[in-house]
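Undergrad: First the structure, which I've put down as structure tokens, then a few questions once you've had a look.
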Amino acid sequence: MRSEAEIMALVIDYARQDERIRLVTLEGSRTNRNIQPDQFQDYDISYFVTDMASFQADDQWLDVFGTRIMMQKPEDMELFPPEFEGWFSYLMIFEDGVKIDLSLIPIQQVDDYFAKSDGLVEVLLDKDGLIQLEVVASDRTYWIRKPTAREFDDCCNEFWFVSTYVVKGLARREILFAIDHLSENVRSNLLRMIAWQIGSERGYTFSVGKNYKFIDRYMSRQDWDLLMSTYNQQGYQEMWQSLFNCYDLFRKYSKAVAASLGYPYPDYDQAITTYTKTIYDQIASMGDDRSASST
């Protein structure tokens, strides 16, 4: 695999030689000093250009970066609509394992780009002195943020309300429906609450990573193992137990956040726990295999 120095030299040298490219930036994890570098990090590069159409007319110019084994052009896809108006991106994987996500941005959108930036940006090349202020990459945007009382209540409300959809899916033998709601809503709010509790204990001056990938560093081994058990979803018995484990963890962490921040603990817990147990017991009493052996 080519080194970071080789790739960065390639990216910058190409931009220097092409008059259409006026500004080059690096984004993402490679700008974040709090992330341990590894071989799997993407190179998130943006070229700010004067002529978008000439680049888009032919992909051959991309060959300078190496031999591609696969490429995706999000703005040229019908199934997935583009995220940024006027941009054009090339997500490329090369035969040596290097991955470059290269975005073309009209030079007229420089101000808008920095206004919407998440803060993890470095300027690699500025031919025209467009950037007057010093740009220092920071992951502050992703730091754990102290929830307001309303946000805390909203999280609790969403967790407990949507958990009833999981119950309904399991009762109806619609396991994919149940899995989807457990993954997309129930567990996502559980992770949010755990992060809030970590922040209330340790301060709101750091991030637990994209998709909460570093959250295990701040949890007890027992709680981490319990969280991992909620991903056991291959059958009805496993799904019930995963749901109950989500309940246990959310109850523990939301009560801790409420106590730490002086917020009232809502009554959703008692109401939905009773509701869930009633339906679970009904299924279990019929000897239905949709229920778990224990709670």
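Chain identifiers are assigned as A, B, and so on, following the order in which chains appear in the structure tokens; residues are numbered from 1 within each chain, and ligands are numbered from 1 in order of appearance.
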So that I can see what lies close to Asp153 (chain A), please list as a PDB file with C-alpha atoms, in the first residue's frame the residues with an atom at most 9 Å from it, counting only C-alpha atoms and leaving out residues fewer than 4 positions away in the same chain.
TA:
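In the end it all went to selection.pdb:
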```
ATOM      1  CA  THR A 148     -31.570  19.980  27.503  1.00  0.00           C
ATOM      2  CA  ALA A 149     -34.401  18.739  29.706  1.00  0.00           C
ATOM      3  CA  ASN A 157     -40.173   9.145  24.780  1.00  0.00           C
ATOM      4  CA  GLU A 158     -38.790   7.882  21.470  1.00  0.00           C
ATOM      5  CA  TYR A 263     -34.138  16.289  35.201  1.00  0.00           C
ATOM      6  CA  PRO A 264     -37.397  14.486  36.059  1.00  0.00           C
ATOM      7  CA  TYR A 265     -37.424  10.801  35.174  1.00  0.00           C
ATOM      8  CA  PRO A 266     -40.524  10.224  32.986  1.00  0.00           C
TER       9      PRO A 266
END
```
Undergrad: At a cut-off of 9 Å, using only C-alpha atoms, what residues contact region 133-135 of chain A? Leave out same-chain residues fewer than 4 positions from it and give the result as a VMD selection string.
TA: chain A and resid 119 121 to 123
Undergrad: In region 50-268 of chain A, what's strand (DSSP E) per DSSP? Answer as a PyMOL selection string?
TA: chain A and resi 68-72+88-94+99-106+121-126
Undergrad: Enumerate the residues of region 28-172 of chain A with a DSSP assignment of helix (DSSP H, G or I), computed from the backbone, and present them as number ranges by chain.
TA: A: 28-31, 52-56, 59-65, 74-76, 107-116, 140-142, 149-171
Undergrad: Find the residues near Ile279 (chain A): any atom within 12 Å, counting only C-alpha atoms, skip ones fewer than 2 places away on the same chain, and give them as a PDB file with N, CA and C atoms, in the first residue's frame.
TA:
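Result saved to selection30.pdb:
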```pdb
ATOM      1  N   THR A 164     -42.508  -0.343  21.451  1.00  0.00           N
ATOM      2  CA  THR A 164     -43.788  -1.048  21.285  1.00  0.00           C
ATOM      3  C   THR A 164     -43.934  -1.593  19.868  1.00  0.00           C
ATOM      4  N   VAL A 166     -41.409  -2.884  18.246  1.00  0.00           N
ATOM      5  CA  VAL A 166     -40.651  -4.137  18.313  1.00  0.00           C
ATOM      6  C   VAL A 166     -41.530  -5.232  18.905  1.00  0.00           C
ATOM      7  N   VAL A 167     -42.233  -4.899  19.975  1.00  0.00           N
ATOM      8  CA  VAL A 167     -43.146  -5.852  20.615  1.00  0.00           C
ATOM      9  C   VAL A 167     -44.194  -6.317  19.618  1.00  0.00           C
ATOM     10  N   LYS A 168     -44.781  -5.369  18.892  1.00  0.00           N
ATOM     11  CA  LYS A 168     -45.812  -5.712  17.909  1.00  0.00           C
ATOM     12  C   LYS A 168     -45.252  -6.633  16.825  1.00  0.00           C
ATOM     13  N   GLY A 169     -44.042  -6.328  16.351  1.00  0.00           N
ATOM     14  CA  GLY A 169     -43.437  -7.165  15.321  1.00  0.00           C
ATOM     15  C   GLY A 169     -43.191  -8.578  15.801  1.00  0.00           C
ATOM     16  N   LEU A 170     -42.729  -8.718  17.046  1.00  0.00           N
ATOM     17  CA  LEU A 170     -42.488 -10.055  17.590  1.00  0.00           C
ATOM     18  C   LEU A 170     -43.797 -10.808  17.804  1.00  0.00           C
ATOM     19  N   ALA A 171     -44.815 -10.111  18.275  1.00  0.00           N
ATOM     20  CA  ALA A 171     -46.118 -10.754  18.518  1.00  0.00           C
ATOM     21  C   ALA A 171     -46.761 -11.211  17.214  1.00  0.00           C
ATOM     22  N   ARG A 172     -46.527 -10.485  16.151  1.00  0.00           N
ATOM     23  CA  ARG A 172     -47.129 -10.815  14.850  1.00  0.00           C
ATOM     24  C   ARG A 172     -46.278 -11.780  14.026  1.00  0.00           C
ATOM     25  N   TRP A 240     -36.507 -11.125  21.837  1.00  0.00           N
ATOM     26  CA  TRP A 240     -37.124 -10.730  23.107  1.00  0.00           C
ATOM     27  C   TRP A 240     -36.057 -10.388  24.141  1.00  0.00           C
ATOM     28  N   ILE A 272     -44.533   1.288  29.683  1.00  0.00           N
ATOM     29  CA  ILE A 272     -44.200   0.427  28.551  1.00  0.00           C
ATOM     30  C   ILE A 272     -43.619  -0.906  29.004  1.00  0.00           C
ATOM     31  N   THR A 273     -42.915  -0.914  30.120  1.00  0.00           N
ATOM     32  CA  THR A 273     -42.435  -2.185  30.654  1.00  0.00           C
ATOM     33  C   THR A 273     -43.609  -3.080  31.015  1.00  0.00           C
ATOM     34  N   THR A 274     -44.637  -2.505  31.640  1.00  0.00           N
ATOM     35  CA  THR A 274     -45.846  -3.268  31.975  1.00  0.00           C
ATOM     36  C   THR A 274     -46.551  -3.752  30.719  1.00  0.00           C
ATOM     37  N   TYR A 275     -46.671  -2.859  29.739  1.00  0.00           N
ATOM     38  CA  TYR A 275     -47.297  -3.203  28.458  1.00  0.00           C
ATOM     39  C   TYR A 275     -46.561  -4.368  27.787  1.00  0.00           C
ATOM     40  N   THR A 276     -45.243  -4.277  27.745  1.00  0.00           N
ATOM     41  CA  THR A 276     -44.435  -5.317  27.104  1.00  0.00           C
ATOM     42  C   THR A 276     -44.582  -6.648  27.823  1.00  0.00           C
ATOM     43  N   LYS A 277     -44.494  -6.611  29.123  1.00  0.00           N
ATOM     44  CA  LYS A 277     -44.586  -7.848  29.908  1.00  0.00           C
ATOM     45  C   LYS A 277     -45.949  -8.511  29.732  1.00  0.00           C
ATOM     46  N   ASP A 281     -46.174 -12.206  28.278  1.00  0.00           N
ATOM     47  CA  ASP A 281     -46.782 -13.255  29.096  1.00  0.00           C
ATOM     48  C   ASP A 281     -47.936 -13.935  28.366  1.00  0.00           C
ATOM     49  N   GLN A 282     -48.690 -13.170  27.594  1.00  0.00           N
ATOM     50  CA  GLN A 282     -49.780 -13.755  26.808  1.00  0.00           C
ATOM     51  C   GLN A 282     -49.245 -14.770  25.807  1.00  0.00           C
ATOM     52  N   ILE A 283     -48.175 -14.401  25.139  1.00  0.00           N
ATOM     53  CA  ILE A 283     -47.573 -15.299  24.156  1.00  0.00           C
ATOM     54  C   ILE A 283     -46.973 -16.523  24.843  1.00  0.00           C
ATOM     55  N   ALA A 284     -46.287 -16.279  25.957  1.00  0.00           N
ATOM     56  CA  ALA A 284     -45.652 -17.377  26.678  1.00  0.00           C
ATOM     57  C   ALA A 284     -46.685 -18.353  27.222  1.00  0.00           C
ATOM     58  N   SER A 285     -47.833 -17.838  27.652  1.00  0.00           N
ATOM     59  CA  SER A 285     -48.863 -18.704  28.236  1.00  0.00           C
ATOM     60  C   SER A 285     -49.472 -19.650  27.202  1.00  0.00           C
ATOM     61  N   MET A 286     -49.355 -19.281  25.938  1.00  0.00           N
ATOM     62  CA  MET A 286     -49.869 -20.115  24.858  1.00  0.00           C
ATOM     63  C   MET A 286     -48.809 -21.095  24.353  1.00  0.00           C
ATOM     64  N   ASP A 288     -46.131 -20.323  22.856  1.00  0.00           N
ATOM     65  CA  ASP A 288     -45.711 -19.856  21.533  1.00  0.00           C
ATOM     66  C   ASP A 288     -44.205 -19.668  21.520  1.00  0.00           C
ATOM     67  N   ARG A 290     -42.593 -17.612  19.972  1.00  0.00           N
ATOM     68  CA  ARG A 290     -42.222 -16.226  19.778  1.00  0.00           C
ATOM     69  C   ARG A 290     -41.735 -15.584  21.062  1.00  0.00           C
ATOM     70  N   SER A 291     -41.908 -16.262  22.193  1.00  0.00           N
ATOM     71  CA  SER A 291     -41.460 -15.707  23.470  1.00  0.00           C
ATOM     72  C   SER A 291     -40.133 -16.332  23.875  1.00  0.00           C
TER      73      SER A 291
END
```
Undergrad: Excluding region 37-44 of chain A and residues on its chain fewer than 4 positions from it, collect all residues at most 10 Å away from it, counting only C-alpha atoms, and give them as a PDB file with N, CA and C atoms, in the first residue's frame.
TA:
```pdb
ATOM      1  N   MET A   1       0.839  -1.192   0.000  1.00  0.00           N
ATOM      2  CA  MET A   1       0.000   0.000   0.000  1.00  0.00           C
ATOM      3  C   MET A   1       0.882   1.253   0.000  1.00  0.00           C
ATOM      4  N   ARG A   2       0.507   2.229  -0.823  1.00  0.00           N
ATOM      5  CA  ARG A   2       1.246   3.481  -0.860  1.00  0.00           C
ATOM      6  C   ARG A   2       1.121   4.231   0.456  1.00  0.00           C
ATOM      7  N   SER A   3       2.147   4.958   0.799  1.00  0.00           N
ATOM      8  CA  SER A   3       2.163   5.689   2.067  1.00  0.00           C
ATOM      9  C   SER A   3       1.317   6.953   1.972  1.00  0.00           C
ATOM     10  N   GLU A   4       1.021   7.518   3.152  1.00  0.00           N
ATOM     11  CA  GLU A   4       0.278   8.784   3.191  1.00  0.00           C
ATOM     12  C   GLU A   4       1.044   9.877   2.455  1.00  0.00           C
ATOM     13  N   ILE A   7       0.523   9.512  -1.309  1.00  0.00           N
ATOM     14  CA  ILE A   7      -0.817   9.887  -1.766  1.00  0.00           C
ATOM     15  C   ILE A   7      -1.008  11.396  -1.706  1.00  0.00           C
ATOM     16  N   MET A   8      -0.574  12.022  -0.619  1.00  0.00           N
ATOM     17  CA  MET A   8      -0.750  13.462  -0.490  1.00  0.00           C
ATOM     18  C   MET A   8       0.050  14.203  -1.554  1.00  0.00           C
ATOM     19  N   VAL A  11      -1.888  13.895  -4.844  1.00  0.00           N
ATOM     20  CA  VAL A  11      -3.086  14.748  -4.850  1.00  0.00           C
ATOM     21  C   VAL A  11      -2.713  16.216  -5.069  1.00  0.00           C
ATOM     22  N   THR A  25      -8.604  20.803  -0.313  1.00  0.00           N
ATOM     23  CA  THR A  25      -8.758  20.584   1.127  1.00  0.00           C
ATOM     24  C   THR A  25      -8.774  19.092   1.432  1.00  0.00           C
ATOM     25  N   LEU A  26      -8.413  18.792   2.656  1.00  0.00           N
ATOM     26  CA  LEU A  26      -8.493  17.436   3.203  1.00  0.00           C
ATOM     27  C   LEU A  26      -9.495  17.468   4.334  1.00  0.00           C
ATOM     28  N   GLU A  27     -10.394  16.477   4.366  1.00  0.00           N
ATOM     29  CA  GLU A  27     -11.392  16.415   5.432  1.00  0.00           C
ATOM     30  C   GLU A  27     -11.332  15.068   6.149  1.00  0.00           C
ATOM     31  N   GLY A  28     -12.128  14.952   7.201  1.00  0.00           N
ATOM     32  CA  GLY A  28     -12.343  13.665   7.839  1.00  0.00           C
ATOM     33  C   GLY A  28     -11.287  13.263   8.846  1.00  0.00           C
ATOM     34  N   SER A  29     -11.201  11.950   9.060  1.00  0.00           N
ATOM     35  CA  SER A  29     -10.408  11.406  10.157  1.00  0.00           C
ATOM     36  C   SER A  29      -8.915  11.698  10.030  1.00  0.00           C
ATOM     37  N   ARG A  30      -8.418  11.880   8.806  1.00  0.00           N
ATOM     38  CA  ARG A  30      -6.992  12.148   8.649  1.00  0.00           C
ATOM     39  C   ARG A  30      -6.609  13.547   9.142  1.00  0.00           C
ATOM     40  N   THR A  31      -7.578  14.390   9.402  1.00  0.00           N
ATOM     41  CA  THR A  31      -7.301  15.706   9.978  1.00  0.00           C
ATOM     42  C   THR A  31      -7.494  15.717  11.490  1.00  0.00           C
ATOM     43  N   ASN A  32      -7.991  14.623  12.029  1.00  0.00           N
ATOM     44  CA  ASN A  32      -8.353  14.576  13.453  1.00  0.00           C
ATOM     45  C   ASN A  32      -7.207  13.991  14.271  1.00  0.00           C
ATOM     46  N   ARG A  33      -6.552  14.814  15.057  1.00  0.00           N
ATOM     47  CA  ARG A  33      -5.398  14.358  15.837  1.00  0.00           C
ATOM     48  C   ARG A  33      -5.800  13.408  16.960  1.00  0.00           C
ATOM     49  N   LEU A  91     -15.775   8.114  -5.456  1.00  0.00           N
ATOM     50  CA  LEU A  91     -15.344   7.284  -4.332  1.00  0.00           C
ATOM     51  C   LEU A  91     -14.595   6.103  -4.916  1.00  0.00           C
ATOM     52  N   MET A  92     -13.284   6.081  -4.693  1.00  0.00           N
ATOM     53  CA  MET A  92     -12.440   5.139  -5.427  1.00  0.00           C
ATOM     54  C   MET A  92     -11.641   4.223  -4.509  1.00  0.00           C
ATOM     55  N   ILE A  93     -11.628   2.940  -4.854  1.00  0.00           N
ATOM     56  CA  ILE A  93     -10.782   1.959  -4.171  1.00  0.00           C
ATOM     57  C   ILE A  93      -9.746   1.484  -5.178  1.00  0.00           C
ATOM     58  N   GLY A  97      -5.272  -1.064  -2.078  1.00  0.00           N
ATOM     59  CA  GLY A  97      -6.067  -0.910  -0.867  1.00  0.00           C
ATOM     60  C   GLY A  97      -6.337   0.521  -0.477  1.00  0.00           C
ATOM     61  N   VAL A  98      -5.667   1.480  -1.103  1.00  0.00           N
ATOM     62  CA  VAL A  98      -5.913   2.896  -0.819  1.00  0.00           C
ATOM     63  C   VAL A  98      -7.324   3.271  -1.273  1.00  0.00           C
ATOM     64  N   LYS A  99      -8.004   4.084  -0.459  1.00  0.00           N
ATOM     65  CA  LYS A  99      -9.336   4.570  -0.819  1.00  0.00           C
ATOM     66  C   LYS A  99      -9.326   6.096  -0.795  1.00  0.00           C
ATOM     67  N   ILE A 100      -9.686   6.690  -1.918  1.00  0.00           N
ATOM     68  CA  ILE A 100      -9.762   8.143  -2.038  1.00  0.00           C
ATOM     69  C   ILE A 100     -11.193   8.543  -2.364  1.00  0.00           C
ATOM     70  N   ASP A 101     -11.752   9.401  -1.540  1.00  0.00           N
ATOM     71  CA  ASP A 101     -13.058  10.001  -1.807  1.00  0.00           C
ATOM     72  C   ASP A 101     -12.794  11.426  -2.277  1.00  0.00           C
ATOM     73  N   LEU A 102     -12.896  11.641  -3.566  1.00  0.00           N
ATOM     74  CA  LEU A 102     -12.529  12.913  -4.176  1.00  0.00           C
ATOM     75  C   LEU A 102     -13.786  13.651  -4.635  1.00  0.00           C
ATOM     76  N   SER A 103     -13.966  14.860  -4.121  1.00  0.00           N
ATOM     77  CA  SER A 103     -15.128  15.673  -4.489  1.00  0.00           C
ATOM     78  C   SER A 103     -14.698  16.870  -5.317  1.00  0.00           C
ATOM     79  N   VAL A 121     -11.231  19.998   8.771  1.00  0.00           N
ATOM     80  CA  VAL A 121     -10.767  20.436   7.454  1.00  0.00           C
ATOM     81  C   VAL A 121      -9.354  20.986   7.558  1.00  0.00           C
TER      82      VAL A 121
END
```
Undergrad: Skipping near chain neighbours, those fewer than 3 positions away, what residues fall within 12 Å of Leu125 (chain A) using only C-alpha atoms, listed as a PyMOL selection string?
TA: chain A and resi 8-9+11-17+21-26+45-48+122+128-131
Undergrad: Write out as a ChimeraX atom specification which residues come within 9 Å of Val162 (chain A) when counting only C-alpha atoms, dropping same-chain ones fewer than 6 positions away.
TA: /A:181-182,185-186
Undergrad: With N, CA and C atoms kept, could you save the residues just selected as a compact mmCIF listing (two decimals), in the first residue's frame?
TA:
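Produced file again.txt, reproduced below:
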```txt
# COMPACT_ATOMS: atom_id res chain seq x y z
N HIS A 181 -36.85 -1.80 13.74
CA HIS A 181 -37.17 -0.79 14.75
C HIS A 181 -36.22 -0.87 15.95
N LEU A 182 -35.81 -2.08 16.29
CA LEU A 182 -34.84 -2.20 17.40
C LEU A 182 -33.51 -1.55 17.02
N ASN A 185 -34.15 2.67 15.83
CA ASN A 185 -34.71 3.63 16.79
C ASN A 185 -34.39 3.32 18.24
N VAL A 186 -34.68 2.09 18.63
CA VAL A 186 -34.51 1.74 20.04
C VAL A 186 -33.04 1.78 20.44
```
Undergrad: Give me, as CSV, each residue of region 95-163 of chain A that comes within 10 Å of region 245-248 of chain A, together with its shortest interatomic pair and the distance in Å at one decimal, counting only C-alpha atoms, with rows ordered by chain and rising residue number.
TA:
```
residue,atom,partner,partner_atom,distance
A:Phe159,CA,A:Tyr247,CA,9.1
A:Trp160,CA,A:Tyr247,CA,8.5
A:Ser163,CA,A:Tyr247,CA,9.0
```
Undergrad: Pick out the residues sitting within 10 Å of Trp87 (chain A), and hand them over as a count of residues only; count only C-alpha atoms, and ignore anything fewer than 5 positions along from it in its own chain.
TA: 11
